[in-house]
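Structure, as structure tokens:
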Amino acid sequence: MTTSTSTISNHQVRLANRPHGLPGPEVWQFSDEPVAEPGAGQILVRISHISLDPAMRGWMDDVRSYIRPVALGEVMRAPAVGLVLASHHPGFVEGAWVTGLFGVQEYALSDGRGVRVVDPELAPLPRYLGALGITGLTAYFGMLDIGRPAPGETVVVSGAAGAVGSIAGQIARLLGARTVGIAGGAEKCRWLSEDLGFDEVIDYKLDNLRPQLRRAAPDGIDVYFDNVGGPMLDSALARLSVGARIVLCGAISQYNSTDGVTGPANYLSLLANRASMTGLIVFDYESRYDEATKRLLAWLNDGSLTAREHVSRGDLCQFPQLLLDLFAGANIGKLVLELG
Ligand SMILES: NC(=O)c1ccc[n+]([C@@H]2O[C@H](COP(=O)([O-])OP(=O)(O)OC[C@H]3O[C@@H](n4cnc5c(N)ncnc54)[C@H](OP(=O)(O)O)[C@@H]3O)[C@@H](O)[C@H]2O)c1
């Protein structure tokens, strides 16, 4: 790198206050600091794309979970893609594109842990945050390791038009299952049935869910891939088949609740149907990311898998509103902020 990094300003978004409910503008603080030179074993990355994830809401709470909370004053945690501007790390060359948890900022220093090289010739860069990133991997391991649908079984996916759900449903279809997607709004439902090949779609905003589920899954649900939780999970529990598997991937309907989490009242359906409900944390599968990415890429290349990114171009000031947009359901496919 020829320009002195100290003359470049790194704009950042930091967590200033813990949210109560939806994260409003009061929880964020914008900061600037000079870009630091990478030390021994470090790389300097210029970030081009930042991922917007429902999990971010959980990372902002000061509670014990699968990952430590973002500290007050810390740059907000976020998966991102960027270009290696300078490298003192043997595993990364200058000019390589990489993905990792680089945070909501324009430049990141990294010691290379959890960083993967990506190839913009193989797929567009935002896809490495979606179908070829954490959300695609979540769909892959959730469906193949926990859901395990057999051909002809009925798989219901909530949040089906989102980043995880759209890939999860298509993987179930590739495995020969009958796929039912639940999403909010006609445009999302049309995309699921016409472009992604879901056998049935349910617009949960249009009508009561239970009669719609009875119609779409008349023989019961064999696999429920849950991204939403709350009352939607309860409705799915009421229609389980014997031996059903529930993939507990997420519960976006509960993340901003200010009066506690609404749990499933119908949990005795698990007992009656000898069914299981299993929590999924994608980070547990890190040693198999390469294997899964290769398979996802092959499916994308041969046209059996369709990926869609909802890319918003702008600067970091857009990040707070985009996160709210995610909870309002504004995205179809993977929501990404492209800087520049
Ligand atoms: N376990 C893991 O390792 C792991 C990893 C990644 C993601 N996840 C989880 O996977 C789920 C999906 O994440 P994603 O990144 O793919 O997000 P996403 O589905 O692309 O976006 C969120 C979608 O959720 C729906 N939604 C928002 N609020 C809702 C509500 N109150 N009720 C019903 N639907 C609501 C909206 O779609 P509609 O318009 O259809 O409502 C929205 O577009 C999240 O629960 C996330 O936490 C888990």
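Residue names in the structure tokens use chain letters A, B, ... in the order shown, residue numbers from 1 in each chain, and ligand numbers from 1 in the order shown.
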
Val27 of chain A environment, 7 Å, only C-alpha atoms, sequence neighbours closer than 4 positions dropped, as number ranges by chain: A: 15-19, 23

Skipping near chain neighbours, those fewer than 3 positions away, what residues fall within 10 Å of segment 211-221 of chain A using only C-alpha atoms, listed as a JSON list (two decimals) with N, CA and C atoms, in the first residue's frame?
[["chain", "number", "residue", "atom", "x", "y", "z"],
["A", 153, "GLU", "N", -41.56, -36.00, 1.66],
["A", 153, "GLU", "CA", -41.99, -35.42, 2.94],
["A", 153, "GLU", "C", -42.35, -33.95, 2.75],
["A", 154, "THR", "N", -43.17, -33.43, 3.68],
["A", 154, "THR", "CA", -43.58, -32.02, 3.60],
["A", 154, "THR", "C", -42.70, -31.17, 4.51],
["A", 155, "VAL", "N", -42.06, -30.18, 3.89],
["A", 155, "VAL", "CA", -41.18, -29.27, 4.63],
["A", 155, "VAL", "C", -41.81, -27.88, 4.60],
["A", 156, "VAL", "N", -42.01, -27.29, 5.77],
["A", 156, "VAL", "CA", -42.54, -25.93, 5.85],
["A", 156, "VAL", "C", -41.43, -25.01, 6.36],
["A", 178, "ARG", "N", -41.65, -31.98, -0.54],
["A", 178, "ARG", "CA", -42.70, -31.06, -0.95],
["A", 178, "ARG", "C", -42.52, -29.82, -0.09],
["A", 179, "THR", "N", -42.39, -28.65, -0.73],
["A", 179, "THR", "CA", -41.99, -27.47, 0.05],
["A", 179, "THR", "C", -43.12, -26.46, 0.16],
["A", 180, "VAL", "N", -43.28, -25.96, 1.38],
["A", 180, "VAL", "CA", -44.28, -24.94, 1.67],
["A", 180, "VAL", "C", -43.55, -23.74, 2.30],
["A", 181, "GLY", "N", -43.73, -22.58, 1.70],
["A", 181, "GLY", "CA", -43.07, -21.38, 2.22],
["A", 181, "GLY", "C", -44.07, -20.42, 2.83],
["A", 182, "ILE", "N", -43.72, -19.88, 4.00],
["A", 182, "ILE", "CA", -44.55, -18.85, 4.64],
["A", 182, "ILE", "C", -43.82, -17.51, 4.54],
["A", 199, "ASP", "N", -43.75, -25.59, -3.68],
["A", 199, "ASP", "CA", -45.01, -26.23, -4.10],
["A", 199, "ASP", "C", -46.22, -25.46, -3.61],
["A", 200, "GLU", "N", -46.12, -24.90, -2.41],
["A", 200, "GLU", "CA", -47.23, -24.13, -1.84],
["A", 200, "GLU", "C", -46.64, -22.91, -1.14],
["A", 201, "VAL", "N", -47.39, -21.82, -1.17],
["A", 201, "VAL", "CA", -46.95, -20.64, -0.41],
["A", 201, "VAL", "C", -48.11, -20.16, 0.46],
["A", 202, "ILE", "N", -47.74, -19.57, 1.58],
["A", 202, "ILE", "CA", -48.72, -19.02, 2.51],
["A", 202, "ILE", "C", -48.34, -17.58, 2.80],
["A", 203, "ASP", "N", -49.27, -16.68, 2.52],
["A", 203, "ASP", "CA", -49.07, -15.28, 2.88],
["A", 203, "ASP", "C", -49.68, -15.08, 4.26],
["A", 204, "TYR", "N", -48.83, -15.04, 5.27],
["A", 204, "TYR", "CA", -49.35, -15.01, 6.64],
["A", 204, "TYR", "C", -50.01, -13.67, 6.98],
["A", 206, "LEU", "N", -52.13, -12.26, 4.96],
["A", 206, "LEU", "CA", -53.40, -12.21, 4.25],
["A", 206, "LEU", "C", -54.53, -12.81, 5.06],
["A", 207, "ASP", "N", -54.22, -13.88, 5.78],
["A", 207, "ASP", "CA", -55.29, -14.66, 6.41],
["A", 207, "ASP", "C", -54.71, -15.38, 7.63],
["A", 208, "ASN", "N", -55.60, -15.98, 8.43],
["A", 208, "ASN", "CA", -55.13, -16.76, 9.57],
["A", 208, "ASN", "C", -54.23, -17.90, 9.11],
["A", 224, "TYR", "N", -40.22, -28.67, 10.00],
["A", 224, "TYR", "CA", -40.54, -27.24, 10.10],
["A", 224, "TYR", "C", -39.23, -26.49, 10.33],
["A", 235, "SER", "N", -48.46, -22.54, 15.62],
["A", 235, "SER", "CA", -49.34, -23.05, 14.57],
["A", 235, "SER", "C", -48.72, -24.25, 13.87],
["A", 236, "ALA", "N", -47.41, -24.21, 13.66],
["A", 236, "ALA", "CA", -46.74, -25.35, 13.02],
["A", 236, "ALA", "C", -46.76, -26.56, 13.94],
["A", 237, "LEU", "N", -46.54, -26.34, 15.22],
["A", 237, "LEU", "CA", -46.56, -27.45, 16.18],
["A", 237, "LEU", "C", -47.90, -28.19, 16.13],
["A", 238, "ALA", "N", -48.96, -27.44, 15.89],
["A", 238, "ALA", "CA", -50.30, -28.03, 15.87],
["A", 238, "ALA", "C", -50.51, -28.95, 14.67],
["A", 239, "ARG", "N", -49.60, -28.93, 13.70],
["A", 239, "ARG", "CA", -49.80, -29.76, 12.50],
["A", 239, "ARG", "C", -48.67, -30.77, 12.26],
["A", 240, "LEU", "N", -47.91, -31.10, 13.30],
["A", 240, "LEU", "CA", -46.76, -32.00, 13.09],
["A", 240, "LEU", "C", -47.19, -33.42, 12.72],
["A", 241, "SER", "N", -46.38, -34.07, 11.92],
["A", 241, "SER", "CA", -46.53, -35.51, 11.65],
["A", 241, "SER", "C", -45.74, -36.28, 12.71],
["A", 242, "VAL", "N", -46.00, -37.56, 12.80],
["A", 242, "VAL", "CA", -45.23, -38.41, 13.72],
["A", 242, "VAL", "C", -43.76, -38.41, 13.26],
["A", 243, "GLY", "N", -42.87, -38.18, 14.21],
["A", 243, "GLY", "CA", -41.43, -38.20, 13.89],
["A", 243, "GLY", "C", -40.92, -36.91, 13.26],
["A", 244, "ALA", "N", -41.71, -35.84, 13.35],
["A", 244, "ALA", "CA", -41.31, -34.57, 12.70],
["A", 244, "ALA", "C", -40.06, -33.97, 13.35],
["A", 245, "ARG", "N", -39.33, -33.20, 12.54],
["A", 245, "ARG", "CA", -38.15, -32.50, 13.04],
["A", 245, "ARG", "C", -38.38, -30.99, 12.89],
["A", 246, "ILE", "N", -38.17, -30.26, 13.98],
["A", 246, "ILE", "CA", -38.23, -28.80, 13.90],
["A", 246, "ILE", "C", -36.80, -28.27, 13.98]]

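Between atom 32 (N, counted along the ligand's line) of ligand 1 and atom CA of Gly169 of chain A the separation is 17.5 Å.
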
Contacts with ligand 1 at most 6 Å, only C-alpha atoms and all ligand atoms counted, listed as number ranges by chain: A: 53-55, 135, 138, 159, 161-165, 183-184, 227-228, 249-253, 280-282, 326-331, 333-334

Residue with smallest distance to Pro79 of chain A - pool A:Val336, A:Tyr267, A:His11, A:Gly176, counting only C-alpha atoms: A:Val336

For atom CA of Leu300 of chain A and atom CA of Arg173 of chain A, the interatomic separation in Å (one decimal): 14.0 Å

DSSP helix (DSSP H, G or I) residues within segment 148-324 of chain A, as a PyMOL selection string: chain A and resi 163-174+186-195+209-216+230-237+252-254+268-272+282-301+316-324

Which of segment 2-117 of chain A DSSP labels strand (DSSP E), written as a PyMOL selection string: chain A and resi 9-15+28-34+43-51+80-87+97-100+107-110+116-117

Neighbouring residues of Arg113 of chain A were defined as those with any atom within 12 Å, considering only C-alpha atoms; residues of the same chain fewer than 4 positions away were excluded. Please report them as an mmCIF file with N, CA, C and O atoms, in the first residue's frame.
data_model
loop_
_atom_site.group_PDB
_atom_site.id
_atom_site.type_symbol
_atom_site.label_atom_id
_atom_site.label_comp_id
_atom_site.auth_asym_id
_atom_site.auth_seq_id
_atom_site.Cartn_x
_atom_site.Cartn_y
_atom_site.Cartn_z
ATOM 1 N N GLY A 41 1.302 -10.195 11.275
ATOM 2 C CA GLY A 41 0.214 -11.180 11.326
ATOM 3 C C GLY A 41 -1.154 -10.585 11.052
ATOM 4 O O GLY A 41 -2.161 -11.276 11.192
ATOM 5 N N GLN A 42 -1.197 -9.314 10.655
ATOM 6 C CA GLN A 42 -2.505 -8.673 10.423
ATOM 7 C C GLN A 42 -2.718 -8.311 8.955
ATOM 8 O O GLN A 42 -1.759 -8.160 8.183
ATOM 9 N N ILE A 43 -3.977 -8.124 8.600
ATOM 10 C CA ILE A 43 -4.335 -7.578 7.290
ATOM 11 C C ILE A 43 -5.190 -6.330 7.499
ATOM 12 O O ILE A 43 -5.879 -6.201 8.527
ATOM 13 N N HIS A 89 0.284 -10.973 6.738
ATOM 14 C CA HIS A 89 -0.211 -12.294 7.132
ATOM 15 C C HIS A 89 0.079 -13.260 5.978
ATOM 16 O O HIS A 89 -0.273 -12.955 4.830
ATOM 17 N N GLY A 91 -1.308 -15.877 5.014
ATOM 18 C CA GLY A 91 -2.465 -16.510 4.371
ATOM 19 C C GLY A 91 -3.232 -15.613 3.419
ATOM 20 O O GLY A 91 -4.159 -16.080 2.731
ATOM 21 N N PHE A 92 -2.864 -14.316 3.356
ATOM 22 C CA PHE A 92 -3.655 -13.379 2.542
ATOM 23 C C PHE A 92 -2.725 -12.458 1.761
ATOM 24 O O PHE A 92 -1.789 -11.889 2.324
ATOM 25 N N VAL A 98 -11.931 -10.786 0.588
ATOM 26 C CA VAL A 98 -12.091 -11.651 1.765
ATOM 27 C C VAL A 98 -13.427 -11.365 2.448
ATOM 28 O O VAL A 98 -14.029 -10.295 2.259
ATOM 29 N N THR A 99 -13.877 -12.338 3.242
ATOM 30 C CA THR A 99 -15.069 -12.116 4.061
ATOM 31 C C THR A 99 -14.775 -12.522 5.492
ATOM 32 O O THR A 99 -13.994 -13.451 5.742
ATOM 33 N N GLY A 100 -15.390 -11.812 6.428
ATOM 34 C CA GLY A 100 -15.185 -12.101 7.849
ATOM 35 C C GLY A 100 -16.057 -11.182 8.682
ATOM 36 O O GLY A 100 -16.816 -10.360 8.143
ATOM 37 N N LEU A 101 -15.922 -11.289 9.993
ATOM 38 C CA LEU A 101 -16.714 -10.416 10.891
ATOM 39 C C LEU A 101 -15.968 -9.088 11.043
ATOM 40 O O LEU A 101 -15.343 -8.826 12.075
ATOM 41 N N PHE A 102 -16.030 -8.251 10.029
ATOM 42 C CA PHE A 102 -15.216 -7.028 9.999
ATOM 43 C C PHE A 102 -15.886 -5.833 10.684
ATOM 44 O O PHE A 102 -15.242 -4.824 10.948
ATOM 45 N N LEU A 109 -8.973 -3.953 10.614
ATOM 46 C CA LEU A 109 -7.749 -4.719 10.823
ATOM 47 C C LEU A 109 -8.168 -6.093 11.290
ATOM 48 O O LEU A 109 -9.095 -6.218 12.092
ATOM 49 N N VAL A 117 -11.040 -16.277 1.957
ATOM 50 C CA VAL A 117 -10.838 -15.615 0.663
ATOM 51 C C VAL A 117 -12.037 -15.944 -0.217
ATOM 52 O O VAL A 117 -12.535 -17.073 -0.218
ATOM 53 N N GLU A 286 -18.153 -24.677 11.441
ATOM 54 C CA GLU A 286 -17.098 -23.943 10.721
ATOM 55 C C GLU A 286 -16.141 -24.881 9.972
ATOM 56 O O GLU A 286 -15.717 -24.577 8.853
#

Among the residues A:Asn256, A:Gln318, A:Asn301, A:Thr293, the one that comes closest to Leu52 of chain A [using only C-alpha atoms]: A:Gln318

Distance query Leu192 of chain A at most 8 Å, only C-alpha atoms, self and fewer than 2 positions along chain excluded, as a ChimeraX atom specification: /A:160-161,166,181,188-190,194-198,201

Within 10 Å of Arg77 of chain A using only C-alpha atoms, minus same-chain residues under 4 positions, as an MDAnalysis selection string: chainID A and resid 13:15 51 56 59:60 69:71 101:105

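Residue neighbourhood of Asp315 of chain A, excluding near-sequence residues (fewer than 4 positions): A:His11, A:Gln105, A:Glu106, A:Phe319, A:Leu337, A:Glu338, A:Leu339, A:Gly340, at 10 Å, using only C-alpha atoms.
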
Selected residues written out with C-alpha atoms, as a PDB file, in the first residue's frame:
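File written: part.pdb
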ATOM      1  CA  HIS A  11     -15.945   5.932   9.486  1.00  0.00           C
ATOM      2  CA  GLN A 105     -17.037   0.378   9.412  1.00  0.00           C
ATOM      3  CA  GLU A 106     -15.141   1.245   6.254  1.00  0.00           C
ATOM      4  CA  PHE A 319     -27.078   1.148   8.434  1.00  0.00           C
ATOM      5  CA  LEU A 337     -25.324  -2.535   2.378  1.00  0.00           C
ATOM      6  CA  GLU A 338     -22.877  -1.762  -0.426  1.00  0.00           C
ATOM      7  CA  LEU A 339     -20.504   1.061   0.503  1.00  0.00           C
ATOM      8  CA  GLY A 340     -19.547   3.666  -2.044  1.00  0.00           C
TER       9      GLY A 340
END

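Within 6 Å of Ile47 of chain A, once only C-alpha atoms are used and residues closer than 6 positions along the same chain are dropped, the contacting residues are A:Val81, A:Gly82, A:Glu106, A:Tyr107.
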
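If only C-alpha atoms are the atoms counted, then among A:Gly147, A:Val247, A:Leu132, A:Leu122 the closest residue to Arg295 of chain A is A:Leu132.
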
For atom CA of Gly21 of chain A and atom CA of Asp259 of chain A, the interatomic separation in Å (one decimal): 9.1 Å
